[in-house]
$ cat model.cif   # mmCIF, C-alpha atoms
data_target
#
loop_
_atom_site.group_PDB
_atom_site.id
_atom_site.type_symbol
_atom_site.label_atom_id
_atom_site.label_comp_id
_atom_site.auth_asym_id
_atom_site.auth_seq_id
_atom_site.Cartn_x
_atom_site.Cartn_y
_atom_site.Cartn_z
ATOM 1 C CA MET A 289 165.024 253.280 71.766
ATOM 2 C CA LEU A 290 164.795 249.580 71.029
ATOM 3 C CA GLY A 291 167.801 247.399 71.750
ATOM 4 C CA LEU A 292 169.038 243.816 71.977
ATOM 5 C CA GLU A 293 167.402 241.609 74.632
ATOM 6 C CA GLN A 294 164.614 244.151 75.078
ATOM 7 C CA ARG A 295 161.158 242.735 75.745
ATOM 8 C CA ILE A 296 158.314 244.046 73.592
ATOM 9 C CA PHE A 297 154.669 243.217 72.878
ATOM 10 C CA PHE A 298 153.163 242.658 69.416
ATOM 11 C CA GLY A 299 149.547 243.871 69.235
ATOM 12 C CA LEU A 300 147.760 241.228 67.158
ATOM 13 C CA PRO A 301 144.049 240.581 66.451
ATOM 14 C CA VAL A 302 142.669 237.224 67.629
ATOM 15 C CA ASN A 303 139.084 237.847 66.470
ATOM 16 C CA SER A 304 136.944 240.625 65.003
ATOM 17 C CA GLU A 305 136.581 242.455 68.319
ATOM 18 C CA ASP A 306 139.665 241.802 70.380
ATOM 19 C CA ARG A 307 143.419 242.207 70.242
ATOM 20 C CA VAL A 308 146.030 240.586 72.425
ATOM 21 C CA LEU A 309 149.544 241.646 73.358
ATOM 22 C CA PHE A 310 151.991 238.811 72.620
ATOM 23 C CA PRO A 311 155.405 239.094 74.347
ATOM 24 C CA ALA A 312 158.653 238.807 72.398
ATOM 25 C CA GLU A 313 162.350 239.567 72.803
ATOM 26 C CA ILE A 314 164.598 241.403 70.353
ATOM 27 C CA ILE A 315 167.485 239.127 69.340
ATOM 28 C CA GLY A 316 168.938 241.081 66.386
ATOM 29 C CA ASN A 317 169.187 244.660 65.112
ATOM 30 C CA ILE A 318 170.612 246.511 62.107
ATOM 31 C CA GLY A 319 169.468 250.126 61.881
ATOM 32 C CA ASP A 320 165.663 250.262 61.742
ATOM 33 C CA ASN A 321 165.424 246.500 61.155
ATOM 34 C CA PHE A 322 164.942 244.134 64.080
ATOM 35 C CA THR A 323 164.612 240.408 64.697
ATOM 36 C CA ALA A 324 162.359 239.236 67.527
ATOM 37 C CA GLU A 325 161.532 235.859 69.034
ATOM 38 C CA PHE A 326 158.043 235.349 70.447
ATOM 39 C CA CYS A 327 157.598 234.048 73.984
ATOM 40 C CA ASN A 328 154.029 232.800 73.544
ATOM 41 C CA SER A 329 154.618 229.113 74.274
ATOM 42 C CA GLU A 330 153.701 229.445 77.973
ATOM 43 C CA PHE A 331 150.262 228.546 79.292
ATOM 44 C CA LYS A 332 148.998 227.025 76.018
ATOM 45 C CA ASP A 333 146.746 224.688 78.001
ATOM 46 C CA THR A 334 144.771 227.597 79.427
ATOM 47 C CA ASN A 335 144.829 230.139 76.606
ATOM 48 C CA GLU A 336 143.083 229.568 73.291
ATOM 49 C CA ASP A 337 144.534 232.671 71.620
ATOM 50 C CA LYS A 338 146.384 231.738 68.438
ATOM 51 C CA LEU A 339 149.301 233.746 67.136
ATOM 52 C CA ASP A 340 148.638 234.784 63.532
ATOM 53 C CA ILE A 341 151.327 236.911 61.934
ATOM 54 C CA GLN A 342 152.015 237.344 58.213
ATOM 55 C CA GLU A 343 154.777 238.766 56.039
ATOM 56 C CA GLY A 344 153.976 242.330 55.034
ATOM 57 C CA GLN A 345 151.622 242.772 57.979
ATOM 58 C CA GLU A 346 151.554 246.220 59.601
ATOM 59 C CA MET A 347 150.834 246.570 63.308
ATOM 60 C CA PHE A 348 151.948 248.194 66.539
ATOM 61 C CA ILE A 349 154.564 246.994 68.982
ATOM 62 C CA TYR A 350 154.570 248.137 72.613
ATOM 63 C CA TYR A 351 157.434 248.608 75.042
ATOM 64 C CA GLU A 352 158.559 250.664 78.004
ATOM 65 C CA MET A 353 160.751 253.708 77.469
ATOM 66 C CA ARG A 354 161.745 255.996 80.312
ATOM 67 C CA ASN A 355 159.030 254.540 82.573
ATOM 68 C CA GLU A 356 156.293 255.143 79.984
ATOM 69 C CA PHE A 357 154.464 252.538 77.911
ATOM 70 C CA MET A 358 154.982 253.371 74.224
ATOM 71 C CA GLN A 359 153.646 252.130 70.887
ATOM 72 C CA GLN A 360 155.382 252.180 67.505
ATOM 73 C CA SER A 361 154.291 251.176 64.017
ATOM 74 C CA ILE A 362 156.141 248.311 62.343
ATOM 75 C CA LYS A 363 155.978 246.217 59.189
ATOM 76 C CA VAL A 364 156.815 242.506 59.242
ATOM 77 C CA ASP A 365 159.478 241.737 56.625
ATOM 78 C CA SER A 366 159.756 237.954 57.003
ATOM 79 C CA ILE A 367 158.908 234.976 59.195
ATOM 80 C CA LEU A 368 162.185 233.186 59.971
ATOM 81 C CA LYS A 369 160.635 230.489 62.146
ATOM 82 C CA ASP A 370 157.068 229.344 62.789
ATOM 83 C CA ASP A 371 155.479 227.817 65.925
ATOM 84 C CA PRO A 372 155.966 227.084 68.736
ATOM 85 C CA GLN A 373 158.052 230.250 69.199
ATOM 86 C CA PRO A 374 158.079 232.257 65.948
ATOM 87 C CA ILE A 375 161.028 234.430 64.977
ATOM 88 C CA VAL A 376 160.280 237.439 62.755
ATOM 89 C CA ASP A 377 162.140 240.267 61.053
ATOM 90 C CA PHE A 378 160.437 243.652 61.143
ATOM 91 C CA LYS A 379 161.124 247.285 60.372
ATOM 92 C CA VAL A 380 160.034 250.163 62.612
ATOM 93 C CA MET A 381 158.153 253.001 60.936
ATOM 94 C CA GLY A 382 157.945 256.437 62.481
ATOM 95 C CA LYS A 383 158.683 257.401 66.051
ATOM 96 C CA PRO A 384 157.255 255.839 69.231
ATOM 97 C CA VAL A 385 154.286 257.573 70.872
ATOM 98 C CA SER A 386 152.608 257.124 74.232
ATOM 99 C CA ALA A 387 150.261 254.146 74.526
ATOM 100 C CA GLU A 388 149.006 254.929 78.026
ATOM 101 C CA ARG A 389 145.447 255.460 76.756
ATOM 102 C CA ARG A 390 145.020 252.259 74.736
ATOM 103 C CA GLN A 391 141.653 250.587 75.233
ATOM 104 C CA ALA A 392 141.372 247.187 73.542
ATOM 105 C CA TYR A 393 144.227 244.949 74.609
ATOM 106 C CA ARG A 394 144.300 241.956 76.924
ATOM 107 C CA VAL A 395 147.275 240.943 79.001
ATOM 108 C CA SER A 396 148.012 237.569 80.570
ATOM 109 C CA THR A 397 147.863 237.629 84.374
ATOM 110 C CA LEU A 398 148.913 234.016 84.968
ATOM 111 C CA VAL A 399 152.545 234.954 85.605
ATOM 112 C CA ALA A 400 151.361 237.436 88.249
ATOM 113 C CA GLY A 401 149.493 234.638 90.035
ATOM 114 C CA LEU A 402 146.309 236.678 90.486
ATOM 115 C CA GLY A 403 143.102 235.063 91.702
ATOM 116 C CA ALA A 404 139.444 236.013 91.861
ATOM 117 C CA ILE A 405 136.292 235.302 93.797
ATOM 118 C CA PHE A 406 133.833 234.075 91.178
ATOM 119 C CA GLY A 407 130.294 233.487 92.382
ATOM 120 C CA GLU A 408 130.607 231.236 95.424
ATOM 121 C CA GLU A 409 134.078 229.986 94.444
ATOM 122 C CA THR A 410 137.244 231.550 95.863
ATOM 123 C CA ASN A 411 140.768 231.705 94.467
ATOM 124 C CA CYS A 412 139.901 231.124 90.803
ATOM 125 C CA PRO A 413 143.028 231.693 88.644
ATOM 126 C CA LEU A 414 142.728 234.922 86.654
ATOM 127 C CA VAL A 415 143.939 234.206 83.103
ATOM 128 C CA ASP A 416 143.870 237.650 81.485
ATOM 129 C CA VAL A 417 142.280 241.084 81.666
ATOM 130 C CA SER A 418 141.426 243.934 79.317
ATOM 131 C CA VAL A 419 139.852 247.254 80.219
ATOM 132 C CA THR A 420 136.408 245.794 79.466
ATOM 133 C CA GLY A 421 136.633 242.119 80.357
ATOM 134 C CA TYR A 422 138.526 239.218 81.857
ATOM 135 C CA SER A 423 138.852 235.452 81.794
ATOM 136 C CA LEU A 424 139.395 232.982 84.602
ATOM 137 C CA ILE A 425 139.313 229.296 85.451
ATOM 138 C CA SER A 426 136.499 227.861 87.567
ATOM 139 C CA THR A 427 135.199 224.446 88.574
ATOM 140 C CA LYS A 428 131.586 225.659 88.568
ATOM 141 C CA LYS A 429 129.333 225.202 85.557
ATOM 142 C CA TYR A 430 127.817 228.331 83.974
ATOM 143 C CA GLU A 431 125.998 229.006 80.712
ATOM 144 C CA LEU A 432 126.524 231.690 78.087
ATOM 145 C CA GLY A 433 124.871 234.907 79.204
ATOM 146 C CA ASN A 434 124.962 234.074 82.916
ATOM 147 C CA ILE A 435 125.846 237.063 85.087
ATOM 148 C CA VAL A 436 128.290 236.191 87.867
ATOM 149 C CA GLU A 437 129.420 238.340 90.786
ATOM 150 C CA THR A 438 133.209 238.764 90.724
ATOM 151 C CA THR A 439 135.836 240.209 93.035
ATOM 152 C CA LEU A 440 139.345 240.855 91.712
ATOM 153 C CA SER A 441 142.233 241.593 94.074
ATOM 154 C CA TYR A 442 145.276 243.586 93.006
ATOM 155 C CA ASP A 443 147.889 245.689 94.772
ATOM 156 C CA GLY A 444 146.097 245.480 98.113
ATOM 157 C CA GLN A 445 142.712 246.554 96.722
ATOM 158 C CA GLU A 446 139.511 244.653 95.938
ATOM 159 C CA TYR A 447 137.385 245.429 92.880
ATOM 160 C CA CYS A 448 133.839 244.067 92.851
ATOM 161 C CA GLY A 449 131.146 243.840 90.207
ATOM 162 C CA SER A 450 129.371 241.558 87.766
ATOM 163 C CA GLY A 451 130.547 239.808 84.614
ATOM 164 C CA SER A 452 128.505 238.357 81.758
ATOM 165 C CA VAL A 453 129.746 234.986 80.444
ATOM 166 C CA GLN A 454 130.749 235.451 76.789
ATOM 167 C CA SER A 455 132.696 232.260 76.124
ATOM 168 C CA ILE A 456 133.216 228.845 77.706
ATOM 169 C CA ARG A 457 136.032 226.370 77.175
ATOM 170 C CA GLU A 458 136.336 223.096 79.070
ATOM 171 C CA LEU A 459 140.018 222.556 79.886
ATOM 172 C CA THR A 460 139.770 219.244 81.714
ATOM 173 C CA LYS A 461 136.801 217.460 83.237
ATOM 174 C CA GLY A 462 135.310 219.836 85.777
ATOM 175 C CA ARG A 463 137.572 222.818 84.930
ATOM 176 C CA TYR A 464 136.310 225.615 82.709
ATOM 177 C CA ARG A 465 137.854 228.745 81.243
ATOM 178 C CA TYR A 466 135.293 231.543 81.118
ATOM 179 C CA GLY A 467 135.599 234.759 79.145
ATOM 180 C CA LEU A 468 133.526 237.533 80.678
ATOM 181 C CA HIS A 469 132.498 241.069 79.847
ATOM 182 C CA GLY A 470 132.567 243.381 82.852
ATOM 183 C CA LEU A 471 129.193 245.034 83.455
ATOM 184 C CA GLU A 472 129.358 248.665 84.495
ATOM 185 C CA ASP A 473 126.743 249.881 86.969
ATOM 186 C CA LYS A 474 127.165 253.568 87.729
ATOM 187 C CA THR A 475 124.281 253.546 90.212
ATOM 188 C CA SER A 476 126.067 251.197 92.652
ATOM 189 C CA LYS A 477 129.446 250.844 94.350
ATOM 190 C CA ASN A 478 130.570 248.560 91.533
ATOM 191 C CA ASN A 479 134.248 249.351 90.882
ATOM 192 C CA LEU A 480 135.117 246.351 88.701
ATOM 193 C CA GLN A 481 135.686 248.560 85.647
ATOM 194 C CA ARG A 482 138.254 250.628 87.495
ATOM 195 C CA GLY A 483 139.937 247.438 88.671
ATOM 196 C CA LEU A 484 140.197 246.025 85.147
ATOM 197 C CA GLU A 485 141.864 249.210 83.946
ATOM 198 C CA LYS A 486 144.290 249.256 86.867
ATOM 199 C CA ILE A 487 145.222 245.569 86.545
ATOM 200 C CA ASN A 488 145.558 245.745 82.751
ATOM 201 C CA MET A 489 148.038 248.607 82.890
ATOM 202 C CA GLY A 490 149.818 247.524 86.052
ATOM 203 C CA VAL A 491 150.538 243.946 84.963
ATOM 204 C CA GLN A 492 151.845 245.005 81.547
ATOM 205 C CA LEU A 493 154.298 247.471 83.055
ATOM 206 C CA GLU A 494 155.231 244.917 85.721
ATOM 207 C CA GLN A 495 156.014 242.291 83.085
ATOM 208 C CA LEU A 496 158.108 244.651 81.004
ATOM 209 C CA ARG A 497 160.150 245.773 84.009
ATOM 210 C CA ARG A 498 160.655 242.243 85.290
ATOM 211 C CA MET A 499 161.824 240.956 81.902
ATOM 212 C CA SER A 500 164.086 243.900 81.029
ATOM 213 C CA PRO A 501 167.875 243.304 80.998
ATOM 214 C CA ALA A 502 168.281 245.540 84.062
ATOM 215 C CA HIS A 503 166.152 243.137 86.107
ATOM 216 C CA ALA A 504 167.448 239.885 84.605
#
$ encode --input "model.cif" --output "C-alpha coordinates"
Amino acid sequence: MLGLEQRIFFGLPVNSEDRVLFPAEIIGNIGDNFTAEFCNSEFKDTNEDKLDIQEGQEMFIYYEMRNEFMQQSIKVDSILKDDPQPIVDFKVMGKPVSAERRQAYRVSTLVAGLGAIFGEETNCPLVDVSVTGYSLISTKKYELGNIVETTLSYDGQEYCGSGSVQSIRELTKGRYRYGLHGLEDKTSKNNLQRGLEKINMGVQLEQLRRMSPAHA
(Lines of atoms letter the chains of each structure in order from A and count residues from 1; the text may use other names and numbers.)
(Lines give C-alpha, C1' and ligand atoms only; values in the text may rest on other atoms or scores of the structure.)
Protein backbone atom coordinates (compact mmCIF):
# COMPACT_ATOMS: atom_id res chain seq x y z
CA MET A 1 0.00 0.00 0.00
CA LEU A 2 1.08 3.56 -0.67
CA GLY A 3 1.92 5.78 2.28
CA LEU A 4 3.40 9.12 3.30
CA GLU A 5 7.08 9.70 2.43
CA GLN A 6 7.02 6.72 0.08
CA ARG A 7 9.09 7.06 -3.08
CA ILE A 8 7.37 6.23 -6.37
CA PHE A 9 8.04 6.57 -10.10
CA PHE A 10 5.69 8.20 -12.63
CA GLY A 11 5.89 6.51 -16.04
CA LEU A 12 5.74 9.38 -18.54
CA PRO A 13 6.35 9.54 -22.32
CA VAL A 14 9.20 11.79 -23.47
CA ASN A 15 8.82 11.03 -27.19
CA SER A 16 6.86 8.75 -29.51
CA GLU A 17 8.98 5.69 -28.72
CA ASP A 18 10.27 6.01 -25.20
CA ARG A 19 9.03 6.42 -21.65
CA VAL A 20 10.98 7.47 -18.60
CA LEU A 21 10.43 6.81 -14.91
CA PHE A 22 10.45 10.10 -12.99
CA PRO A 23 10.95 9.79 -9.20
CA ALA A 24 8.60 11.46 -6.73
CA GLU A 25 7.68 11.31 -3.05
CA ILE A 26 4.19 11.10 -1.56
CA ILE A 27 3.62 14.09 0.74
CA GLY A 28 -0.16 13.83 1.32
CA ASN A 29 -2.91 11.20 1.39
CA ILE A 30 -6.68 11.05 1.93
CA GLY A 31 -8.20 7.70 0.99
CA ASP A 32 -7.43 6.91 -2.66
CA ASN A 33 -6.19 10.47 -3.29
CA PHE A 34 -2.50 11.29 -3.00
CA THR A 35 -0.23 14.30 -3.34
CA ALA A 36 3.29 13.77 -4.68
CA GLU A 37 6.30 16.01 -5.21
CA PHE A 38 8.62 15.23 -8.12
CA CYS A 39 12.35 14.86 -7.53
CA ASN A 40 13.42 15.48 -11.13
CA SER A 41 15.54 18.58 -10.57
CA GLU A 42 18.80 16.60 -10.28
CA PHE A 43 21.20 16.21 -13.20
CA LYS A 44 19.38 18.67 -15.50
CA ASP A 45 22.69 19.52 -17.17
CA THR A 46 23.11 15.97 -18.43
CA ASN A 47 19.54 14.86 -19.09
CA GLU A 48 17.38 16.40 -21.80
CA ASP A 49 14.20 14.58 -20.75
CA LYS A 50 11.42 17.07 -20.03
CA LEU A 51 8.67 16.36 -17.53
CA ASP A 52 5.28 16.78 -19.21
CA ILE A 53 2.28 16.04 -17.02
CA GLN A 54 -1.28 17.31 -17.49
CA GLU A 55 -4.47 17.45 -15.45
CA GLY A 56 -6.73 14.52 -16.30
CA GLN A 57 -3.81 12.48 -17.60
CA GLU A 58 -3.93 8.73 -16.96
CA MET A 59 -0.72 6.76 -16.48
CA PHE A 60 1.05 4.20 -14.33
CA ILE A 61 3.03 4.77 -11.17
CA TYR A 62 5.64 2.27 -9.98
CA TYR A 63 6.80 1.40 -6.48
CA GLU A 64 8.14 -1.44 -4.38
CA MET A 65 5.78 -3.52 -2.28
CA ARG A 66 6.95 -6.54 -0.32
CA ASN A 67 10.22 -6.68 -2.29
CA GLU A 68 8.41 -6.67 -5.65
CA PHE A 69 8.25 -3.85 -8.18
CA MET A 70 4.58 -2.99 -8.77
CA GLN A 71 2.60 -0.77 -11.14
CA GLN A 72 -0.76 0.90 -10.53
CA SER A 73 -3.04 3.01 -12.70
CA ILE A 74 -3.66 6.61 -11.63
CA LYS A 75 -5.39 9.73 -12.89
CA VAL A 76 -3.90 13.18 -12.30
CA ASP A 77 -6.47 15.44 -10.62
CA SER A 78 -4.53 18.72 -10.47
CA ILE A 79 -1.10 20.32 -10.78
CA LEU A 80 -0.46 22.22 -7.54
CA LYS A 81 3.00 23.45 -8.51
CA ASP A 82 4.96 23.53 -11.76
CA ASP A 83 8.73 23.31 -12.40
CA PRO A 84 11.35 22.91 -11.12
CA GLN A 85 9.82 20.29 -8.80
CA PRO A 86 6.12 19.83 -9.65
CA ILE A 87 3.58 18.85 -7.02
CA VAL A 88 0.51 16.93 -8.23
CA ASP A 89 -2.68 15.45 -6.82
CA PHE A 90 -3.68 12.07 -8.21
CA LYS A 91 -6.14 9.27 -7.57
CA VAL A 92 -5.23 5.58 -7.74
CA MET A 93 -7.46 3.37 -9.87
CA GLY A 94 -7.62 -0.36 -9.39
CA LYS A 95 -5.16 -2.54 -7.53
CA PRO A 96 -1.38 -2.72 -8.00
CA VAL A 97 0.00 -5.50 -10.21
CA SER A 98 3.51 -6.79 -10.80
CA ALA A 99 5.68 -4.70 -13.12
CA GLU A 100 8.65 -7.06 -13.18
CA ARG A 101 8.21 -7.69 -16.92
CA ARG A 102 8.01 -4.09 -18.14
CA GLN A 103 10.02 -3.44 -21.29
CA ALA A 104 10.16 0.24 -22.28
CA TYR A 105 11.36 2.34 -19.38
CA ARG A 106 14.67 4.08 -18.78
CA VAL A 107 16.16 4.70 -15.37
CA SER A 108 18.83 7.21 -14.39
CA THR A 109 22.11 5.57 -13.36
CA LEU A 110 23.97 8.75 -12.40
CA VAL A 111 23.19 8.34 -8.70
CA ALA A 112 24.65 4.82 -8.86
CA GLY A 113 27.90 6.24 -10.25
CA LEU A 114 28.17 3.63 -13.01
CA GLY A 115 30.74 3.97 -15.78
CA ALA A 116 31.37 2.36 -19.15
CA ILE A 117 34.14 1.61 -21.59
CA PHE A 118 33.05 3.31 -24.80
CA GLY A 119 35.23 2.67 -27.83
CA GLU A 120 38.77 3.50 -26.73
CA GLU A 121 37.62 5.67 -23.81
CA THR A 122 37.35 4.30 -20.28
CA ASN A 123 35.20 5.39 -17.35
CA CYS A 124 32.53 7.25 -19.34
CA PRO A 125 29.64 8.21 -17.00
CA LEU A 126 26.56 6.09 -17.70
CA VAL A 127 23.53 8.41 -17.69
CA ASP A 128 20.62 5.98 -18.04
CA VAL A 129 19.64 2.54 -19.29
CA SER A 130 16.56 0.79 -20.65
CA VAL A 131 16.25 -2.84 -21.66
CA THR A 132 17.11 -1.88 -25.25
CA GLY A 133 19.46 1.08 -24.99
CA TYR A 134 21.57 3.42 -22.91
CA SER A 135 23.12 6.87 -22.84
CA LEU A 136 26.50 8.03 -21.61
CA ILE A 137 28.89 10.96 -21.65
CA SER A 138 32.05 10.84 -23.76
CA THR A 139 34.77 13.23 -24.89
CA LYS A 140 35.12 11.47 -28.25
CA LYS A 141 33.31 12.68 -31.34
CA TYR A 142 30.93 10.24 -33.08
CA GLU A 143 28.28 10.63 -35.77
CA LEU A 144 24.69 9.41 -35.92
CA GLY A 145 24.63 5.76 -36.95
CA ASN A 146 28.17 5.01 -35.77
CA ILE A 147 28.48 1.62 -34.08
CA VAL A 148 30.65 1.73 -30.96
CA GLU A 149 31.91 -1.17 -28.86
CA THR A 150 30.72 -0.81 -25.25
CA THR A 151 31.41 -2.55 -21.96
CA LEU A 152 29.10 -1.92 -19.00
CA SER A 153 30.08 -3.00 -15.48
CA TYR A 154 27.51 -3.76 -12.80
CA ASP A 155 27.44 -5.87 -9.65
CA GLY A 156 30.85 -7.39 -10.34
CA GLN A 157 30.02 -8.42 -13.91
CA GLU A 158 31.00 -7.00 -17.31
CA TYR A 159 28.56 -6.85 -20.22
CA CYS A 160 30.03 -6.29 -23.68
CA GLY A 161 28.53 -5.52 -27.06
CA SER A 162 27.89 -2.82 -29.64
CA GLY A 163 25.67 0.25 -29.60
CA SER A 164 24.38 2.33 -32.50
CA VAL A 165 24.44 6.11 -31.93
CA GLN A 166 20.84 7.38 -32.08
CA SER A 167 21.21 10.87 -30.63
CA ILE A 168 23.96 13.37 -29.85
CA ARG A 169 23.91 16.33 -27.49
CA GLU A 170 26.92 18.53 -26.82
CA LEU A 171 26.94 19.38 -23.10
CA THR A 172 30.05 21.54 -22.98
CA LYS A 173 32.90 21.95 -25.43
CA GLY A 174 34.40 18.51 -25.92
CA ARG A 175 31.77 16.62 -23.86
CA TYR A 176 28.93 14.79 -25.57
CA ARG A 177 25.89 12.89 -24.37
CA TYR A 178 25.17 9.96 -26.67
CA GLY A 179 21.96 7.95 -26.79
CA LEU A 180 22.56 4.46 -28.12
CA HIS A 181 20.53 1.44 -29.14
CA GLY A 182 22.06 -1.84 -28.01
CA LEU A 183 22.68 -4.20 -30.93
CA GLU A 184 21.91 -7.83 -30.23
CA ASP A 185 24.15 -10.42 -31.88
CA LYS A 186 23.05 -13.95 -31.02
CA THR A 187 25.92 -15.49 -33.00
CA SER A 188 28.62 -14.05 -30.69
CA LYS A 189 29.39 -13.79 -26.98
CA ASN A 190 27.71 -10.38 -26.92
CA ASN A 191 25.87 -10.13 -23.58
CA LEU A 192 25.12 -6.40 -23.61
CA GLN A 193 21.37 -7.01 -23.87
CA ARG A 194 21.39 -9.13 -20.74
CA GLY A 195 23.41 -6.44 -18.97
CA LEU A 196 20.94 -3.69 -19.90
CA GLU A 197 18.07 -5.73 -18.49
CA LYS A 198 19.96 -6.50 -15.28
CA ILE A 199 21.09 -2.90 -14.72
CA ASN A 200 17.67 -1.45 -15.56
CA MET A 201 15.89 -3.59 -12.99
CA GLY A 202 18.65 -3.58 -10.39
CA VAL A 203 19.13 0.20 -10.26
CA GLN A 204 15.39 0.90 -10.00
CA LEU A 205 14.97 -1.46 -7.06
CA GLU A 206 18.17 -0.09 -5.51
CA GLN A 207 16.88 3.48 -5.74
CA LEU A 208 13.52 2.62 -4.25
CA ARG A 209 15.09 0.78 -1.31
CA ARG A 210 17.64 3.50 -0.65
CA MET A 211 15.01 6.25 -0.66
CA SER A 212 12.38 4.41 1.39
CA PRO A 213 11.67 5.67 4.95
CA ALA A 214 13.21 2.50 6.41
CA HIS A 215 16.57 3.41 4.87
CA ALA A 216 16.40 7.17 5.44
$ resolve_selection --input "model.cif" --expression "the PyMOL selection byres ((chain A and resi 313) around 10)" --output "ChimeraX atom specification"
/A:291-297,311-312,314-316,323-327,375,499-500
$ resolve_selection --input "model.cif" --expression "the PyMOL selection byres ((chain A and resi 409) around 10)" --output "count of residues only"
12
$ closest_residue --input "model.cif" --among "A:Leu484, A:Met489, A:Ile318, A:Leu300" --to "Phe348 in chain A" --atoms "only C-alpha atoms"
A:Leu300
$ closest_residue --input "model.cif" --among "A:Arg457, A:Ser418, A:Gly444, A:Lys486" --to "Gly470 in chain A" --atoms "all atoms listed in the file"
A:Ser418
$ atom_distance --input "model.cif" --atom1 "CA of Ile362 in chain A" --atom2 "CA of Ser386 in chain A"
15.2 Å
$ residues_around --input "model.cif" --residues "Ala400 in chain A" --least-positions-apart "3" --cutoff "10 Å" --atoms "only C-alpha atoms" --output "PDB file with C-alpha atoms, in the coordinates of the input"
ATOM      1  CA  SER A 396     148.012 237.569  80.570  1.00  0.00           C
ATOM      2  CA  THR A 397     147.863 237.629  84.374  1.00  0.00           C
ATOM      3  CA  GLY A 403     143.102 235.063  91.702  1.00  0.00           C
ATOM      4  CA  LEU A 414     142.728 234.922  86.654  1.00  0.00           C
ATOM      5  CA  VAL A 415     143.939 234.206  83.103  1.00  0.00           C
ATOM      6  CA  TYR A 442     145.276 243.586  93.006  1.00  0.00           C
ATOM      7  CA  VAL A 491     150.538 243.946  84.963  1.00  0.00           C
ATOM      8  CA  GLU A 494     155.231 244.917  85.721  1.00  0.00           C
ATOM      9  CA  GLN A 495     156.014 242.291  83.085  1.00  0.00           C
TER      10      GLN A 495
END
$ residues_around --input "model.cif" --residues "Ile367 in chain A" --least-positions-apart "3" --cutoff "8 Å" --atoms "only C-alpha atoms" --output "PDB file with C-alpha atoms, keeping the file's coordinate frame"
ATOM      1  CA  GLN A 342     152.015 237.344  58.213  1.00  0.00           C
ATOM      2  CA  GLU A 343     154.777 238.766  56.039  1.00  0.00           C
ATOM      3  CA  VAL A 364     156.815 242.506  59.242  1.00  0.00           C
ATOM      4  CA  ASP A 370     157.068 229.344  62.789  1.00  0.00           C
ATOM      5  CA  PRO A 374     158.079 232.257  65.948  1.00  0.00           C
ATOM      6  CA  ILE A 375     161.028 234.430  64.977  1.00  0.00           C
ATOM      7  CA  VAL A 376     160.280 237.439  62.755  1.00  0.00           C
ATOM      8  CA  ASP A 377     162.140 240.267  61.053  1.00  0.00           C
TER       9      ASP A 377
END
$ closest_residue --input "model.cif" --among "A:Gly462, A:Gly449, A:Gly299, A:Gly319" --to "Asn478 in chain A" --atoms "all atoms listed in the file"
A:Gly449
$ closest_residue --input "model.cif" --among "A:Val380, A:Leu368, A:Cys448, A:Leu309" --to "Glu472 in chain A" --atoms "only C-alpha atoms"
A:Cys448
$ closest_residue --input "model.cif" --among "A:Gln345, A:Ser452, A:Ser361, A:Asn479" --to "Tyr422 in chain A" --atoms "only C-alpha atoms"
A:Ser452
$ residues_around --input "model.cif" --residues "Pro384 in chain A" --least-positions-apart "3" --cutoff "9 Å" --atoms "all atoms listed in the file" --output "VMD selection string"
chain A and resid 289 350 358 to 361 381 387
$ atom_distance --input "model.cif" --atom1 "CA of Tyr466 in chain A" --atom2 "CA of Ile349 in chain A"
27.5 Å
$ closest_residue --input "model.cif" --among "A:Ile456, A:Arg463, A:Leu493, A:Pro372" --to "Arg354 in chain A" --atoms "all atoms listed in the file"
A:Leu493
$ atom_distance --input "model.cif" --atom1 "CA of Leu290 in chain A" --atom2 "CA of Met347 in chain A"
16.2 Å
$ residues_around --input "model.cif" --residues "Gly433 in chain A" --least-positions-apart "2" --cutoff "7 Å" --atoms "all atoms listed in the file" --output "list in words"
Glu431, Ile435, Ser452, Val453 and Gln454 of chain A
